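*Asks:* Data file final_9.txt (compact mmCIF, C-alpha atoms) is appended below.
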```
# COMPACT_ATOMS: atom_id res chain seq x y z
CA MET H 1 0.00 0.00 0.00
CA CYS H 2 1.25 3.48 -0.85
CA LEU H 3 0.64 6.35 1.52
CA SER H 4 1.23 10.05 1.14
CA VAL H 5 1.20 12.45 4.06
CA PRO H 6 0.55 16.19 4.25
CA ALA H 7 3.55 18.47 4.57
CA GLU H 8 3.80 22.24 4.94
CA ILE H 9 6.41 23.97 2.81
CA ILE H 10 8.81 26.06 4.88
CA SER H 11 11.24 27.22 2.19
CA VAL H 12 11.89 26.64 -1.50
CA ASP H 13 15.26 26.44 -3.27
CA GLY H 14 14.78 25.58 -6.94
CA GLN H 15 13.42 22.04 -7.23
CA MET H 16 14.00 21.30 -3.52
CA ALA H 17 12.18 22.48 -0.41
CA LYS H 18 12.24 22.19 3.34
CA ALA H 19 8.92 20.89 4.61
CA SER H 20 7.40 20.21 8.00
CA VAL H 21 5.88 16.76 8.36
CA GLY H 22 4.24 16.42 11.75
CA GLY H 23 6.73 18.92 13.14
CA ALA H 24 9.81 17.19 11.69
CA VAL H 25 11.62 19.21 9.01
CA ARG H 26 12.93 17.34 6.00
CA ASP H 27 14.26 18.07 2.52
CA ILE H 28 11.82 17.14 -0.25
CA SER H 29 11.77 17.25 -4.05
CA LEU H 30 9.38 19.55 -5.93
CA GLN H 31 10.11 18.01 -9.34
CA LEU H 32 6.55 16.69 -9.74
CA VAL H 33 4.63 19.86 -8.79
CA GLU H 34 4.61 23.47 -9.96
CA ASN H 35 4.25 26.90 -8.37
CA ILE H 36 4.93 25.87 -4.77
CA ILE H 37 5.75 28.63 -2.28
CA PRO H 38 6.38 28.72 1.48
CA GLY H 39 3.13 28.20 3.36
CA ASP H 40 1.68 25.83 0.77
CA PHE H 41 0.67 22.30 1.70
CA VAL H 42 1.55 19.25 -0.40
CA LEU H 43 1.06 15.51 -0.28
CA LEU H 44 4.45 13.90 0.28
CA HIS H 45 5.34 10.40 -0.91
CA THR H 46 8.85 8.91 -0.65
CA GLY H 47 10.47 12.34 -0.50
CA PHE H 48 8.54 13.82 -3.45
CA ALA H 49 5.73 16.36 -3.30
CA ILE H 50 3.10 14.77 -5.56
CA GLU H 51 0.19 17.20 -5.27
CA LYS H 52 -0.59 20.63 -3.87
CA ILE H 53 -3.50 20.57 -1.38
CA SER H 54 -5.37 23.13 0.70
CA LYS H 55 -4.70 23.70 4.38
CA GLU H 56 -8.17 22.27 5.11
CA GLU H 57 -7.38 19.09 3.15
CA ALA H 58 -4.10 18.74 5.04
CA GLU H 59 -5.80 19.16 8.42
CA GLU H 60 -8.56 16.65 7.53
CA THR H 61 -6.01 14.10 6.31
CA VAL H 62 -3.98 14.41 9.51
CA ARG H 63 -7.16 14.04 11.57
CA LEU H 64 -8.10 10.86 9.68
CA LEU H 65 -4.59 9.40 9.97
CA ASN H 66 -4.62 10.07 13.71
CA GLU H 67 -8.03 8.41 13.97
CA LEU H 68 -6.75 5.35 12.10
CA GLY H 69 -3.78 5.18 14.44
CA GLU H 70 -6.10 5.14 17.44
CA ILE H 71 -8.20 2.38 15.88
CA GLU H 72 -5.10 0.37 14.99
CA ASP H 73 -3.92 0.46 18.61
CA ASP H 74 -7.12 -1.35 19.62
CA MET H 75 -6.97 -4.01 16.90
CA PRO H 76 -5.17 -7.35 17.17
CA GLN H 77 -2.03 -7.54 15.04
CA LEU H 78 -2.00 -9.87 12.07
CA ASN H 79 1.13 -11.87 11.43
CA TYR H 80 1.89 -13.37 8.04
```
Could you take the file, read its structure, and then write that structure out as structure tokens?
*Replies:*
Amino acid sequence: MCLSVPAEIISVDGQMAKASVGGAVRDISLQLVENIIPGDFVLLHTGFAIEKISKEEAEETVRLLNELGEIEDDMPQLNY
């Protein structure tokens, strides 16, 4: 399964940016998106911004991921 997570752009330097992901700052690639500026939100997958999203979309996605994490804590683990 592939998962992308919301990230807030802190700074942009050409095709690279610094982004905050859950408070952790990391370097990400902007090669797959256009017109990204500090303050924008993107979906991040394996170090690449893959889509620009709104702040509201980012907040809703984080809320849902947190909710899934809470549910997962209550579920028995499957071993393969």
*Asks:* Could you give me, as a PyMOL selection string, the residues within 10 Å of Lys52 in chain H, counting all atoms listed in the file and dropping anything in the same chain fewer than 3 positions from it?
*Replies:* chain H and resi 6-8+33-36+40-44+49+55+57-58
*Asks:* Restricting the calculation to all atoms listed in the file, which member of H:Ile10, H:Thr61, H:Ser29, H:Gly23 is positioned closest to His45 in chain H?
*Replies:* H:Ser29
*Asks:* How many Å separate CA of Ile28 in chain H from CA of Val62 in chain H?
*Replies:*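 Those two atoms sit 18.8 Å apart.
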*Asks:* So that all listed atoms of range 14-32 of chain H fit with 8 Å spare on each side, what axis-aligned box centre and edge lengths in Å, to one decimal, would you give as JSON?
*Replies:*
```
{"center_x": 9.5, "center_y": 21.0, "center_z": 1.7, "size_x": 26.5, "size_y": 25.2, "size_z": 38.9}
```
*Asks:* State, in Å with one decimal place, the distance from CA of Leu68 in chain H to CA of Leu3 in chain H.
*Replies:*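 Value for the CA of Leu68 in chain H-CA of Leu3 in chain H distance: 12.9 Å.
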*Asks:* To one decimal place, how far is CA of Gln31 in chain H from CA of Asn66 in chain H in Å?
*Replies:*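 Going from CA of Gln31 in chain H over to CA of Asn66 in chain H covers 28.5 Å.
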*Asks:* Within 7 Å of Ser11 in chain H, counting all atoms listed in the file, which residues show up once you throw out same-chain ones fewer than 3 positions away? Write them as a PDB file with C-alpha atoms, in the coordinates of the input, please.
*Replies:*
```pdb
ATOM      1  CA  ALA H  17      12.180  22.480  -0.410  1.00  0.00           C
ATOM      2  CA  LYS H  18      12.240  22.190   3.340  1.00  0.00           C
ATOM      3  CA  PRO H  38       6.380  28.720   1.480  1.00  0.00           C
TER       4      PRO H  38
END
```
*Asks:* Please determine, counting only C-alpha atoms, which residue among H:Asp27, H:Ser54, H:Met16, H:Ile9 has the shortest atom-to-atom distance to Gly39 in chain H.
*Replies:*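 That would be H:Ile9, the residue with the smallest distance to Gly39 in chain H.
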*Asks:* I'd like to know which of H:Ile37, H:Val12, H:Leu30, H:Leu64 is closest to Glu51 in chain H, using only C-alpha atoms.
*Replies:*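 Among H:Ile37, H:Val12, H:Leu30, H:Leu64, it is H:Leu30 that comes nearest to Glu51 in chain H.
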*Asks:* Using all atoms listed in the file, which of H:Glu60, H:Val5, H:Leu32, H:Glu67 sits nearest Ser20 in chain H?
*Replies:*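 The closest residue to Ser20 in chain H is H:Val5.
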